[in-house]
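Q: Dropping in protein-v1.tsv, with TSV, C-alpha atoms.
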```
chain	number	residue	atom	x	y	z
A	1	MET	CA	97.32	92.74	131.22
A	2	HIS	CA	100.47	93.05	129.14
A	3	GLU	CA	102.22	94.71	132.09
A	4	LEU	CA	102.99	91.22	133.42
A	5	SER	CA	104.81	90.33	130.17
A	6	LEU	CA	106.71	93.59	130.35
A	7	CYS	CA	107.59	93.05	134.01
A	8	ARG	CA	108.94	89.60	133.16
A	9	SER	CA	111.07	91.23	130.49
A	10	LEU	CA	112.20	93.87	132.98
A	11	VAL	CA	113.15	91.22	135.54
A	12	ARG	CA	115.06	89.29	132.87
A	13	GLN	CA	117.07	92.39	131.97
A	14	ALA	CA	117.74	93.36	135.59
A	15	THR	CA	118.85	89.87	136.59
A	16	LEU	CA	121.21	89.81	133.60
A	17	VAL	CA	122.81	93.01	134.89
A	18	ALA	CA	123.12	91.44	138.34
A	19	ALA	CA	124.72	88.32	136.89
A	20	GLU	CA	127.19	90.37	134.85
A	21	HIS	CA	128.33	92.13	138.00
A	22	GLY	CA	128.33	89.04	140.17
A	23	ALA	CA	125.79	90.61	142.51
A	24	PRO	CA	123.74	88.26	144.69
A	25	GLY	CA	120.62	90.39	144.64
A	26	ILE	CA	118.85	93.45	143.33
A	27	ARG	CA	117.74	96.22	145.67
A	28	ARG	CA	116.01	98.57	143.32
A	29	VAL	CA	114.98	98.79	139.69
A	30	CYS	CA	114.36	102.20	138.13
A	31	VAL	CA	112.26	102.51	135.01
A	32	ARG	CA	110.98	105.45	133.03
A	33	ILE	CA	107.63	105.21	131.29
A	34	GLY	CA	105.84	107.66	129.07
A	35	PRO	CA	102.06	108.04	128.88
A	36	LEU	CA	102.21	106.94	125.22
A	37	SER	CA	104.13	103.74	125.96
A	38	GLY	CA	100.89	101.89	126.57
A	39	VAL	CA	101.94	100.90	130.08
A	40	GLU	CA	100.04	101.62	133.25
A	41	ALA	CA	102.35	102.33	136.20
A	42	GLU	CA	99.91	100.92	138.77
A	43	LEU	CA	99.61	97.63	136.89
A	44	MET	CA	103.41	97.43	136.62
A	45	ARG	CA	103.58	97.89	140.39
A	46	GLU	CA	101.16	95.00	140.89
A	47	ALA	CA	102.86	92.75	138.37
A	48	PHE	CA	106.43	93.27	139.57
A	49	PRO	CA	106.28	91.06	142.71
A	50	LEU	CA	104.77	88.25	140.63
A	51	ALA	CA	107.33	88.56	137.85
A	52	SER	CA	110.28	88.78	140.24
A	53	ARG	CA	109.42	85.82	142.48
A	54	HIS	CA	112.30	83.35	142.82
A	55	THR	CA	114.67	85.65	140.93
A	56	ALA	CA	117.50	87.92	142.06
A	57	ALA	CA	115.00	90.78	141.83
A	58	GLU	CA	112.64	89.31	144.41
A	59	GLY	CA	112.00	91.92	147.10
A	60	ALA	CA	113.53	94.71	145.03
A	61	ARG	CA	111.84	98.09	144.88
A	62	LEU	CA	110.39	99.14	141.58
A	63	GLU	CA	110.71	102.87	141.03
A	64	MET	CA	108.90	104.44	138.14
A	65	THR	CA	109.19	107.93	136.81
A	66	THR	CA	106.81	109.16	134.16
A	67	SER	CA	107.97	111.48	131.45
A	68	PRO	CA	105.75	114.11	129.86
A	69	VAL	CA	104.45	113.92	126.30
A	70	ARG	CA	106.48	116.41	124.24
A	71	VAL	CA	106.24	117.33	120.58
A	72	HIS	CA	108.45	119.29	118.24
A	73	CYS	CA	106.65	121.45	115.72
A	74	PRO	CA	108.40	121.82	112.38
A	75	ARG	CA	106.35	124.91	111.57
A	76	CYS	CA	107.03	127.13	114.58
A	77	GLU	CA	110.25	125.24	115.36
A	78	ARG	CA	109.46	124.99	119.04
A	79	GLU	CA	109.04	122.12	121.44
A	80	ALA	CA	106.16	121.95	123.86
A	81	GLU	CA	104.29	119.62	126.17
A	82	ALA	CA	101.23	118.04	124.60
A	83	ARG	CA	98.34	115.86	125.70
A	84	VAL	CA	98.22	112.10	125.23
A	85	ASN	CA	95.41	112.29	122.67
A	86	ASP	CA	96.21	115.67	121.18
A	87	LEU	CA	99.67	115.83	119.71
A	88	SER	CA	99.09	118.93	117.64
A	89	CYS	CA	101.35	121.87	118.46
A	90	PRO	CA	99.90	123.64	121.51
A	91	LEU	CA	101.63	126.84	120.38
A	92	CYS	CA	100.51	127.17	116.78
A	93	GLY	CA	97.99	124.36	116.26
A	94	HIS	CA	99.96	122.64	113.48
A	95	TRP	CA	99.15	118.90	113.41
A	96	GLN	CA	102.23	117.44	111.78
A	97	THR	CA	104.35	117.39	114.90
A	98	ARG	CA	107.06	114.93	115.83
A	99	LEU	CA	106.92	113.18	119.18
A	100	THR	CA	110.11	113.87	121.13
A	101	GLY	CA	109.10	112.32	124.44
A	102	GLY	CA	106.34	110.38	126.11
A	103	ASP	CA	106.54	106.95	124.53
A	104	GLU	CA	109.56	105.74	126.48
A	105	LEU	CA	109.66	102.39	128.19
A	106	LEU	CA	113.15	102.28	129.64
A	107	LEU	CA	115.08	100.36	132.24
A	108	VAL	CA	117.15	103.26	133.58
A	109	SER	CA	119.25	101.68	136.31
A	110	VAL	CA	119.56	98.76	138.67
A	111	ASP	CA	120.82	98.94	142.26
A	112	LEU	CA	122.76	95.81	143.03
A	113	ALA	CA	123.36	94.37	146.46
A	114	ALA	CA	126.87	93.78	147.76
A	115	PRO	CA	129.26	92.10	147.79
A	116	ILE	CA	130.40	93.48	144.48
A	117	ALA	CA	132.82	91.10	142.97
A	118	ALA	CA	135.21	92.48	140.42
A	119	PRO	CA	133.09	93.07	137.31
A	120	SER	CA	133.34	90.09	135.08
A	121	VAL	CA	135.20	90.83	131.88
A	122	PRO	CA	132.80	90.31	128.99
A	123	SER	CA	134.23	87.77	126.62
A	124	SER	CA	134.94	89.33	123.28
A	125	PRO	CA	133.00	87.82	120.40
B	1	MET	CA	119.84	113.05	146.23
B	2	CYS	CA	122.21	110.74	148.03
B	3	GLN	CA	125.60	112.49	148.05
B	4	THR	CA	127.59	109.29	148.18
B	5	CYS	CA	126.44	107.34	145.19
B	6	GLY	CA	124.30	109.89	143.39
B	7	CYS	CA	121.12	107.84	143.47
B	8	ALA	CA	117.87	109.78	143.52
B	9	LEU	CA	116.18	107.73	146.22
B	10	PRO	CA	115.39	109.84	149.30
B	11	ASP	CA	115.39	106.88	151.65
B	12	HIS	CA	118.49	105.38	150.18
B	13	LEU	CA	119.97	104.81	153.63
B	14	GLN	CA	116.95	102.80	154.71
B	15	HIS	CA	117.28	100.14	152.11
B	16	ALA	CA	121.04	99.88	152.36
B	17	SER	CA	122.61	99.06	155.69
B	18	THR	CA	125.74	100.90	154.62
B	19	GLU	CA	126.21	103.17	151.67
B	20	HIS	CA	128.84	100.93	150.21
B	21	ASP	CA	126.82	97.78	149.78
B	22	VAL	CA	124.65	99.11	147.00
B	23	HIS	CA	125.99	99.62	143.54
B	24	THR	CA	123.95	101.41	140.90
B	25	VAL	CA	124.34	100.28	137.33
B	26	GLU	CA	123.05	102.55	134.59
B	27	VAL	CA	121.26	100.53	131.93
B	28	LEU	CA	119.06	102.75	129.72
B	29	GLU	CA	117.67	99.89	127.72
B	30	GLY	CA	114.18	99.49	126.31
B	31	LEU	CA	111.96	97.30	128.45
B	32	LYS	CA	110.94	95.34	125.40
B	33	SER	CA	114.45	94.61	124.19
B	34	HIS	CA	113.88	90.85	124.34
B	35	ASN	CA	110.70	91.07	122.25
B	36	ASP	CA	112.24	93.63	119.90
B	37	ALA	CA	115.20	91.35	119.21
B	38	ALA	CA	112.81	88.50	118.37
B	39	ALA	CA	110.81	90.88	116.15
B	40	ARG	CA	113.95	91.90	114.26
B	41	HIS	CA	114.75	88.24	113.77
B	42	ASN	CA	111.23	87.62	112.42
B	43	ARG	CA	111.56	90.57	110.05
B	44	GLU	CA	114.81	89.13	108.70
B	45	HIS	CA	113.00	85.86	107.95
B	46	PHE	CA	110.19	87.76	106.23
B	47	ASP	CA	112.50	90.02	104.24
B	48	ARG	CA	114.61	87.13	103.06
B	49	ALA	CA	111.48	85.41	101.81
B	50	GLY	CA	110.40	88.67	100.12
B	51	LEU	CA	106.91	88.67	101.54
B	52	LEU	CA	104.72	91.41	102.97
B	53	VAL	CA	103.60	90.90	106.56
B	54	VAL	CA	100.55	92.81	107.78
B	55	ASN	CA	99.48	92.87	111.44
B	56	LEU	CA	95.72	93.32	111.82
B	57	MET	CA	94.55	94.82	115.09
B	58	SER	CA	91.12	95.83	116.36
B	59	SER	CA	88.68	95.29	119.16
B	60	PRO	CA	86.91	91.90	119.14
B	61	GLY	CA	84.23	91.70	116.50
B	62	ALA	CA	85.41	94.57	114.30
B	63	GLY	CA	85.60	92.15	111.38
B	64	LYS	CA	89.22	91.07	111.02
B	65	THR	CA	88.40	87.50	110.02
B	66	ARG	CA	85.61	88.61	107.70
B	67	LEU	CA	87.99	91.08	106.05
B	68	LEU	CA	90.53	88.28	105.59
B	69	GLU	CA	87.91	86.01	104.02
B	70	ALA	CA	86.92	88.76	101.58
B	71	THR	CA	90.58	89.57	100.85
B	72	ILE	CA	91.33	85.90	100.15
B	73	GLU	CA	88.36	85.75	97.77
B	74	ALA	CA	89.64	88.81	95.91
B	75	LEU	CA	93.42	88.20	95.97
B	76	GLY	CA	93.76	84.46	96.49
B	77	GLY	CA	93.92	83.79	92.77
B	78	ARG	CA	96.69	86.34	92.21
B	79	HIS	CA	98.86	86.05	95.31
B	80	ARG	CA	99.88	83.33	97.71
B	81	LEU	CA	98.43	84.21	101.11
B	82	ALA	CA	98.68	82.81	104.62
B	83	VAL	CA	97.36	83.80	108.02
B	84	ILE	CA	98.67	83.53	111.56
B	85	GLU	CA	95.67	83.60	113.87
B	86	GLY	CA	95.89	84.80	117.44
B	87	ASP	CA	93.00	83.98	119.73
B	88	LEU	CA	92.47	83.47	123.42
B	89	GLU	CA	90.57	80.23	122.78
B	90	THR	CA	89.19	78.18	119.89
B	91	GLU	CA	90.42	77.56	116.38
B	92	ASN	CA	87.25	78.95	114.84
B	93	ASP	CA	88.91	81.74	112.90
B	94	ALA	CA	91.71	79.52	111.58
B	95	ARG	CA	89.07	77.05	110.37
B	96	ARG	CA	87.27	79.84	108.52
B	97	ILE	CA	90.52	80.84	106.78
B	98	ARG	CA	91.42	77.24	105.87
B	99	ALA	CA	87.94	76.80	104.43
B	100	LYS	CA	88.99	79.44	101.88
B	101	GLY	CA	91.95	77.29	100.86
B	102	VAL	CA	94.63	79.34	102.59
B	103	PRO	CA	97.08	77.99	105.20
B	104	ALA	CA	96.36	79.26	108.70
B	105	VAL	CA	98.43	78.70	111.83
B	106	GLN	CA	96.58	79.09	115.09
B	107	ILE	CA	98.24	80.61	118.14
B	108	THR	CA	96.04	80.04	121.15
B	109	THR	CA	97.21	82.52	123.74
B	110	GLY	CA	95.09	81.27	126.64
B	111	SER	CA	94.57	84.34	128.78
B	112	ALA	CA	97.30	86.45	127.14
B	113	CYS	CA	95.84	89.58	125.63
B	114	HIS	CA	98.31	90.03	122.78
B	115	LEU	CA	100.70	88.24	120.47
B	116	ASP	CA	104.42	88.68	120.96
B	117	ALA	CA	107.32	88.20	118.58
B	118	THR	CA	108.29	84.80	119.98
B	119	MET	CA	104.80	83.39	119.42
B	120	VAL	CA	104.84	84.69	115.85
B	121	HIS	CA	108.30	83.21	115.33
B	122	ARG	CA	107.07	79.74	116.29
B	123	ALA	CA	104.00	80.12	114.08
B	124	ALA	CA	106.05	81.40	111.13
B	125	HIS	CA	108.15	78.24	111.21
B	126	ALA	CA	105.01	76.22	110.60
B	127	LEU	CA	104.63	78.00	107.22
B	128	SER	CA	106.68	77.80	104.03
B	129	LEU	CA	107.56	81.49	103.92
B	130	ASP	CA	109.36	81.19	100.58
B	131	GLU	CA	106.11	80.11	98.99
B	132	LEU	CA	104.13	83.15	100.16
B	133	ASP	CA	103.47	86.69	98.98
B	134	ILE	CA	101.44	88.15	101.83
B	135	LEU	CA	101.25	86.93	105.41
B	136	PHE	CA	98.52	88.34	107.63
B	137	ILE	CA	98.80	88.23	111.40
B	138	GLU	CA	95.38	88.46	112.99
B	139	ASN	CA	96.21	89.79	116.43
B	140	VAL	CA	94.11	89.17	119.53
B	141	GLY	CA	91.02	91.38	119.55
B	142	ASN	CA	92.02	94.17	121.91
B	143	LEU	CA	92.72	97.87	121.38
B	144	VAL	CA	95.31	98.12	124.16
B	145	CYS	CA	97.94	95.41	124.55
B	146	PRO	CA	98.78	94.40	120.96
B	147	ALA	CA	100.04	97.95	120.28
B	148	SER	CA	102.96	97.43	122.67
B	149	PHE	CA	104.62	94.49	120.90
B	150	ASP	CA	106.52	94.55	117.63
B	151	LEU	CA	106.03	91.21	115.88
B	152	GLY	CA	108.34	91.81	112.94
B	153	GLN	CA	105.51	92.94	110.65
B	154	HIS	CA	105.95	95.52	107.91
B	155	ALA	CA	102.68	97.33	108.55
B	156	ASN	CA	100.05	97.72	111.25
B	157	VAL	CA	96.47	97.93	110.10
B	158	THR	CA	93.86	98.87	112.69
B	159	LEU	CA	90.21	98.12	112.00
B	160	LEU	CA	87.54	100.36	113.45
B	161	SER	CA	84.01	99.10	112.87
B	162	THR	CA	81.25	101.66	112.58
B	163	PRO	CA	79.21	100.45	115.62
B	164	GLU	CA	82.23	101.20	117.85
B	165	GLY	CA	82.02	104.97	117.33
B	166	ASP	CA	84.32	107.34	115.48
B	167	ASP	CA	86.16	108.59	118.58
B	168	LYS	CA	88.22	105.43	119.14
B	169	PRO	CA	91.54	107.01	118.01
B	170	LEU	CA	91.27	109.56	120.83
B	171	LYS	CA	90.35	106.87	123.36
B	172	TYR	CA	93.13	104.48	122.33
B	173	PRO	CA	95.91	106.80	121.16
B	174	VAL	CA	98.71	104.25	121.63
B	175	MET	CA	97.06	101.74	119.31
B	176	PHE	CA	96.00	104.21	116.64
B	177	ARG	CA	99.32	106.08	116.69
B	178	SER	CA	101.04	102.80	115.79
B	179	SER	CA	98.76	102.28	112.76
B	180	ASP	CA	100.01	102.59	109.20
B	181	LEU	CA	96.46	102.32	107.92
B	182	VAL	CA	93.05	102.64	109.56
B	183	LEU	CA	90.24	100.64	108.00
B	184	VAL	CA	86.75	101.74	108.91
B	185	THR	CA	84.78	98.50	108.53
B	186	LYS	CA	81.07	97.58	108.35
B	187	THR	CA	80.22	100.69	106.35
B	188	ASP	CA	77.08	98.87	105.19
B	189	LEU	CA	75.73	99.80	108.64
B	190	LEU	CA	76.33	103.54	108.13
B	191	PRO	CA	72.75	104.22	106.99
B	192	VAL	CA	71.48	103.18	110.43
B	193	LEU	CA	74.36	104.71	112.39
B	194	ASP	CA	73.81	108.40	111.90
B	195	ASP	CA	76.42	109.35	114.52
B	196	PHE	CA	79.45	107.77	112.83
B	197	ASP	CA	81.47	110.15	110.69
B	198	VAL	CA	84.39	108.76	108.65
B	199	GLU	CA	85.78	112.29	108.26
B	200	ALA	CA	85.88	112.58	112.06
B	201	VAL	CA	88.12	109.49	112.20
B	202	LYS	CA	90.54	111.25	109.85
B	203	GLU	CA	90.53	114.36	112.00
B	204	HIS	CA	91.13	112.32	115.14
B	205	MET	CA	94.10	110.64	113.46
B	206	HIS	CA	95.49	114.11	112.73
B	207	ARG	CA	95.05	115.00	116.39
B	208	LEU	CA	97.47	112.11	117.03
B	209	ALA	CA	99.87	113.66	114.49
B	210	SER	CA	99.34	110.60	112.31
B	211	ALA	CA	99.20	110.79	108.54
B	212	ALA	CA	98.07	107.16	108.22
B	213	PRO	CA	95.40	106.88	105.51
B	214	VAL	CA	91.86	106.14	106.65
B	215	MET	CA	89.84	103.92	104.31
B	216	ALA	CA	86.21	102.95	104.67
B	217	LEU	CA	84.83	99.64	103.40
B	218	SER	CA	82.38	96.86	103.94
B	219	SER	CA	83.80	93.34	103.73
B	220	LYS	CA	80.26	92.15	103.21
B	221	SER	CA	79.11	94.35	100.34
B	222	GLY	CA	82.44	95.75	99.06
B	223	PRO	CA	84.10	97.29	97.21
B	224	LEU	CA	87.54	96.51	98.61
B	225	ASP	CA	89.52	98.19	95.83
B	226	ALA	CA	91.39	100.77	97.91
B	227	TRP	CA	92.42	98.15	100.48
B	228	LEU	CA	93.55	95.66	97.82
B	229	GLU	CA	95.53	98.38	96.03
B	230	TRP	CA	97.17	99.34	99.33
B	231	LEU	CA	98.18	95.69	99.86
B	232	GLU	CA	99.52	95.26	96.34
B	233	ALA	CA	101.46	98.53	96.57
B	234	GLY	CA	102.96	97.29	99.84
B	235	LEU	CA	103.90	93.98	98.24
B	236	ALA	CA	105.48	95.75	95.26
B	237	GLU	CA	107.46	97.87	97.71
B	238	ARG	CA	108.75	94.73	99.47
B	239	ARG	CA	109.74	93.23	96.12
B	240	ARG	CA	111.57	96.31	94.85
B	241	PRO	CA	115.26	95.41	94.80
B	242	PHE	CA	116.54	98.87	95.72
B	243	ARG	CA	114.42	101.14	97.81
B	244	PRO	CA	115.37	104.83	97.76
B	245	ALA	CA	115.71	106.47	101.13
B	246	PRO	CA	112.23	107.57	102.21
B	247	SER	CA	111.67	111.30	102.12
B	248	PRO	CA	111.22	112.93	105.53
B	249	ASP	CA	107.65	112.48	106.75
B	250	GLY	CA	106.89	116.17	106.73
B	251	GLU	CA	107.75	116.54	103.08
B	252	ARG	CA	105.46	113.70	102.08
B	253	LEU	CA	102.65	114.88	104.33
B	254	LEU	CA	102.66	118.43	103.07
B	255	THR	CA	101.72	117.21	99.62
B	256	ARG	CA	98.83	115.12	100.82
B	257	PRO	CA	95.56	116.29	99.36
B	258	GLY	CA	92.28	116.58	101.18
B	259	LEU	CA	93.68	118.01	104.38
B	260	PRO	CA	90.88	119.59	106.44
B	261	GLY	CA	91.18	123.37	106.24
B	262	HIS	CA	91.58	124.09	109.92
B	263	LEU	CA	94.37	121.57	110.23
B	264	ALA	CA	96.21	122.94	107.22
B	265	SER	CA	95.93	126.57	108.29
B	266	THR	CA	99.16	128.50	108.55
B	267	ALA	CA	100.71	129.79	111.73
B	268	PRO	CA	99.31	133.07	113.01
```
Can you present the structure in this file as structure tokens?

A:
Amino acid sequence: MHELSLCRSLVRQATLVAAEHGAPGIRRVCVRIGPLSGVEAELMREAFPLASRHTAAEGARLEMTTSPVRVHCPRCEREAEARVNDLSCPLCGHWQTRLTGGDELLLVSVDLAAPIAAPSVPSSP
Amino acid sequence: MCQTCGCALPDHLQHASTEHDVHTVEVLEGLKSHNDAAARHNREHFDRAGLLVVNLMSSPGAGKTRLLEATIEALGGRHRLAVIEGDLETENDARRIRAKGVPAVQITTGSACHLDATMVHRAAHALSLDELDILFIENVGNLVCPASFDLGQHANVTLLSTPEGDDKPLKYPVMFRSSDLVLVTKTDLLPVLDDFDVEAVKEHMHRLASAAPVMALSSKSGPLDAWLEWLEAGLAERRRPFRPAPSPDGERLLTRPGLPGHLASTAP
């Protein structure tokens, strides 16, 4: 179950955001996953409490939105929704399409708990 | 949508006692950023040493180790090879590689179903990269998880053994979409497997909009020529001092021969 590894990574990123803003806790973590990202939303949901234990993200809500699989067809120059295991152009049947959506695995936003201290000024390198 | 802070959570007011004690920070960062950074670091190591790194993926038993043994027999005299072995348990595969006179570093993942860039980084430091030409990473046998982690390799090669059935690309699109080459292995069994069609594998790869070549071979009875040529071409590419900008995929694909007629048909 690689979702646990990915959840650990997610928690690491979210807690970094919390630390940067001096927030004591995280209320909600929003992620966007595509069907071609190789991640199963249900397994992420199960892994998140384990990965977030004893971190600032413990008890936070994990919100996941799934994005559709979309392809751009260079032949008919249109974009359309496609199936996970059929990425050929649904409009003209051309196979050499380019994936424009559906493989995302993104941390979109983090809701931080108050009090919000003044955002720490990142030290310039 | 919450009118105060713009968050999309319908029950926003339930999880915040007041609207002002929650602060939303936009991030928009890949979930694998930590692994991807480690993979980039690995790739820098590999590029500096001028070697070709090939990640082998397949289900358990598709013949990754056997392919490596045959490859070492064929190329070991010409190129300096090494293998990073990923396995849940045992050092069996690493022992088989070492028996062929090639250095092998074992990563025992325990119950982890895939290798990640940090594991490969540790293993790579156990090898003298400057003294190598080709480094193989034998990933954990699994058609799901390994596809999600960049290790810093230059190419993904996915093995599909004939007893598994030719429809695997459609069943595991994430893995096969990430492949730069598909090797159909155990072709010596084809005479008794009348339902496996190598051409069907190619068509299924096209369904995934992938132009990755599909090669069929038997590590047991050979020949391995196409595979060895692919490796040597990849190595030559790594060694070329100045690489021209690659042409857009479409341009290259349109000139590929042997495209099945129905896939190459023009728009109505």

Q: What residues in chain A have any atom no more than 8 Å from chain B when counting all atoms listed in the file, and can you write them as JSON, numbers by chain?

A: {"A": [1, 2, 6, 9, 10, 13, 17, 27, 36, 37, 38, 75, 76, 84, 85, 86, 87, 88, 92, 93, 94, 95, 96, 97, 98, 104, 105, 106, 107, 108, 109, 110, 111, 112, 113, 114, 115, 116]}

Q: Can you measure atom CA of Thr162 of chain B to atom CA of Pro35 of chain A for me? One decimal in Å is fine.

A: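 Rounded to one decimal, the two atoms are 27.2 Å apart.
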
Q: Just give me the gap between atom CA of Ala74 of chain B and atom CA of Ala216 of chain B in Å, one decimal is fine.

A: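 Atom-to-atom, atom CA of Ala74 of chain B to atom CA of Ala216 of chain B, that is 17.0 Å.
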
Q: Between atom CA of Pro241 of chain B and atom CA of Met57 of chain B, what is the distance, to one decimal in Å?

A: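 About the pair atom CA of Pro241 of chain B and atom CA of Met57 of chain B: they are 29.0 Å apart.
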
Q: Place a sphere of radius 12 Å on (79.6, 90.5, 103.1) in the file coordinates and name every protein, DNA or RNA residue with an atom inside or on its surface, counting only C-alpha atoms; give the answer as number ranges by chain.

A: B: 63, 65-71, 73, 185-189, 217-224

Q: Which residue is closest to Thr100 of chain A? Choose from A:Glu40, A:Glu81, A:Val71, A:Cys30 and count all atoms listed in the file.

A: A:Val71

Q: Around all the atoms of segment 77-88 of chain A listed in the file, draw an axis-aligned box and extend it by 6 Å on each of the six sides; I want its centre and edge lengths in Å to one decimal, as JSON.

A:
```
{"center_x": 102.8, "center_y": 118.7, "center_z": 120.8, "size_x": 26.8, "size_y": 25.1, "size_z": 22.8}
```

Q: So which one's closest to Glu79 of chain A, A:Met44, A:Leu4, A:Leu99, A:Ala60? Using all atoms listed in the file, please.

A: A:Leu99
